[in-house]
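S.K.: So that we are looking at the same thing, I have put the structure below in structure tokens.
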Amino acid sequence: AKDGYYTLGIASKSLPQSLTTQQIADMSRDSLEAGLGICGLLLFRNEMKRDSPNAIRELRKGSIRSVICTGDNALTGISIGKQCHIIVGGDSGRVLLGELVSGGQGIQWRDPDSDSPQPLDVHSALYCDWQLAVTQGAWRYLHEHLSELEEIWYRIVVFARMKPEDKIN
């Protein structure tokens, strides 16, 4: 995902021919996915349109701030953001990724380019110039904790794993 690739798992399962389309539609996801046979994996790359970097550059000239709001993985969003220069500094642009802590009690920030699981302080002088990416859970947390959001909103350039209803907030 860091390099803009997707992996898609392909699996199959035989269902009794006696089942109607409605019976299949009414089955739970768990029961449909139980007993699947793995067929393989597909790897493909999410590429942006060739004119995207120029369009982003022109928007920036007009003092229009651009962000990425995607249903994709955060690492994919960061990768595309670097390619089209929404993340300032291109490939060397520094970003902290914010994810909701288990139990919903806050956001944990980390450097997605590092293998270290050590949480980082988004307000530290060391990271104050870094741009930010947030997952859906982190965004929803911030939306409920506006004082925290107000401190960092201008640094957020990637909103990942967002659903349509999150995109209108």
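Residues in the structure tokens are numbered from 1 in each chain, the chains being A, B, ... in the order shown, and ligands are numbered from 1 in the order shown.
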Give me, as a short mmCIF file (atom, residue, chain, number, x, y, z; two decimals) with N, CA and C atoms, in the first residue's frame, all polymer residues having an atom no more than 10 Å from segment 146-158 of chain A, counting only C-alpha atoms and skipping those fewer than 5 positions away in the same chain.
M.R.:
data_model
loop_
_atom_site.label_atom_id
_atom_site.label_comp_id
_atom_site.auth_asym_id
_atom_site.auth_seq_id
_atom_site.Cartn_x
_atom_site.Cartn_y
_atom_site.Cartn_z
N ARG A 65 -6.38 25.05 -1.23
CA ARG A 65 -5.80 23.91 -0.51
C ARG A 65 -6.45 22.63 -1.00
N SER A 66 -5.64 21.66 -1.37
CA SER A 66 -6.14 20.36 -1.83
C SER A 66 -5.84 19.31 -0.79
N VAL A 67 -6.76 18.37 -0.63
CA VAL A 67 -6.58 17.23 0.26
C VAL A 67 -7.05 15.98 -0.47
N ILE A 68 -6.67 14.83 0.05
CA ILE A 68 -7.15 13.55 -0.48
C ILE A 68 -8.16 13.01 0.52
N CYS A 69 -9.33 12.68 0.04
CA CYS A 69 -10.36 12.05 0.85
C CYS A 69 -10.77 10.78 0.10
N THR A 70 -10.38 9.64 0.64
CA THR A 70 -10.51 8.39 -0.09
C THR A 70 -11.05 7.26 0.78
N ALA A 74 -4.85 4.11 4.09
CA ALA A 74 -4.12 5.35 4.36
C ALA A 74 -2.77 5.39 3.66
N LEU A 75 -2.08 4.25 3.62
CA LEU A 75 -0.76 4.23 2.98
C LEU A 75 -0.87 4.49 1.48
N THR A 76 -1.95 4.02 0.86
CA THR A 76 -2.18 4.30 -0.56
C THR A 76 -2.46 5.78 -0.75
N GLY A 77 -3.29 6.36 0.10
CA GLY A 77 -3.58 7.79 0.02
C GLY A 77 -2.32 8.63 0.17
N ILE A 78 -1.46 8.25 1.10
CA ILE A 78 -0.20 8.96 1.31
C ILE A 78 0.68 8.84 0.07
N ILE A 80 -0.22 8.36 -3.10
CA ILE A 80 -0.77 9.20 -4.16
C ILE A 80 -0.54 10.68 -3.83
N GLY A 81 -0.71 11.05 -2.56
CA GLY A 81 -0.49 12.43 -2.14
C GLY A 81 0.93 12.90 -2.42
N ILE A 86 0.27 16.85 -3.30
CA ILE A 86 -0.60 17.34 -2.25
C ILE A 86 0.17 17.30 -0.94
N ILE A 87 0.98 16.26 -0.80
CA ILE A 87 1.92 16.21 0.32
C ILE A 87 3.16 16.95 -0.12
N VAL A 88 3.41 18.07 0.52
CA VAL A 88 4.52 18.93 0.15
C VAL A 88 5.83 18.19 0.35
N VAL A 95 5.05 12.69 6.75
CA VAL A 95 3.66 12.57 7.16
C VAL A 95 3.57 11.71 8.42
N LEU A 96 2.73 12.12 9.35
CA LEU A 96 2.37 11.27 10.48
C LEU A 96 0.98 10.72 10.21
N LEU A 97 0.79 9.44 10.51
CA LEU A 97 -0.50 8.79 10.33
C LEU A 97 -1.18 8.63 11.68
N GLY A 98 -2.41 9.15 11.76
CA GLY A 98 -3.18 9.05 12.99
C GLY A 98 -4.25 7.98 12.87
N VAL A 122 2.28 14.41 18.02
CA VAL A 122 2.00 15.25 16.86
C VAL A 122 2.30 16.72 17.16
N HIS A 123 2.33 17.10 18.44
CA HIS A 123 2.57 18.49 18.83
C HIS A 123 4.04 18.79 19.13
N CYS A 128 6.33 19.19 14.19
CA CYS A 128 5.38 20.27 13.96
C CYS A 128 5.27 20.68 12.49
N ASP A 129 6.27 20.36 11.67
CA ASP A 129 6.21 20.69 10.25
C ASP A 129 5.72 19.53 9.38
N TRP A 130 5.46 18.40 9.99
CA TRP A 130 5.00 17.24 9.24
C TRP A 130 3.52 17.39 8.93
N GLN A 131 3.12 16.93 7.76
CA GLN A 131 1.72 16.91 7.42
C GLN A 131 1.10 15.65 8.03
N LEU A 132 -0.24 15.59 8.03
CA LEU A 132 -0.93 14.51 8.72
C LEU A 132 -1.88 13.77 7.80
N ALA A 133 -2.03 12.49 8.09
CA ALA A 133 -3.03 11.64 7.44
C ALA A 133 -3.84 11.01 8.57
N VAL A 134 -5.14 10.88 8.37
CA VAL A 134 -5.99 10.26 9.39
C VAL A 134 -6.86 9.18 8.76
N THR A 135 -7.13 8.16 9.56
CA THR A 135 -8.07 7.13 9.14
C THR A 135 -9.48 7.59 9.51
N TRP A 139 -10.60 10.40 12.23
CA TRP A 139 -11.38 11.57 11.82
C TRP A 139 -12.66 11.69 12.65
N TYR A 141 -13.18 10.57 15.61
CA TYR A 141 -12.78 10.98 16.96
C TYR A 141 -12.54 12.50 16.99
#
S.K.: If DSSP is run on the backbone, what residues of segment 77-117 of chain A are strand (DSSP E)? A reply as a list of chain:residue names would be ideal.
M.R.: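 After running DSSP on the backbone, segment 77-117 of chain A has strand (DSSP E) at A:Val95, A:Leu96, A:Leu97, A:Gly98, A:Glu99, A:Leu100, A:Ile107, A:Gln108, A:Trp109, A:Arg110.
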S.K.: Write out as a list in words each polymer residue whose atoms come within 12 Å of Ala55 of chain A, counting only C-alpha atoms; drop sequence neighbours fewer than 4 positions from it.
M.R.: Met48, Lys49, Arg50, Asp51, Leu59, Arg60, Lys61, Gly62, Ile64, Arg65, Ser66, Cys84, His85 and Ile86 of chain A
S.K.: Pick the closest to Asn54 of chain A from A:Gln83, A:Glu144, A:Gly37, A:Leu100: which is it, counting only C-alpha atoms?
M.R.: A:Gln83
S.K.: For each of A:Val101, A:Ala25, A:Leu8, A:Leu15, take the minimum atom-to-atom distance to Phe44 of chain A, counting only C-alpha atoms, then give the residue where this is smallest.
M.R.: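 Closest residue, counting only C-alpha atoms: A:Leu8.
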S.K.: Quick one: residues within 12 Å of Pro117 of chain A, only C-alpha atoms counted, chain neighbours fewer than 5 positions away excluded, as a ChimeraX atom specification?
M.R.: /A:97,108-112
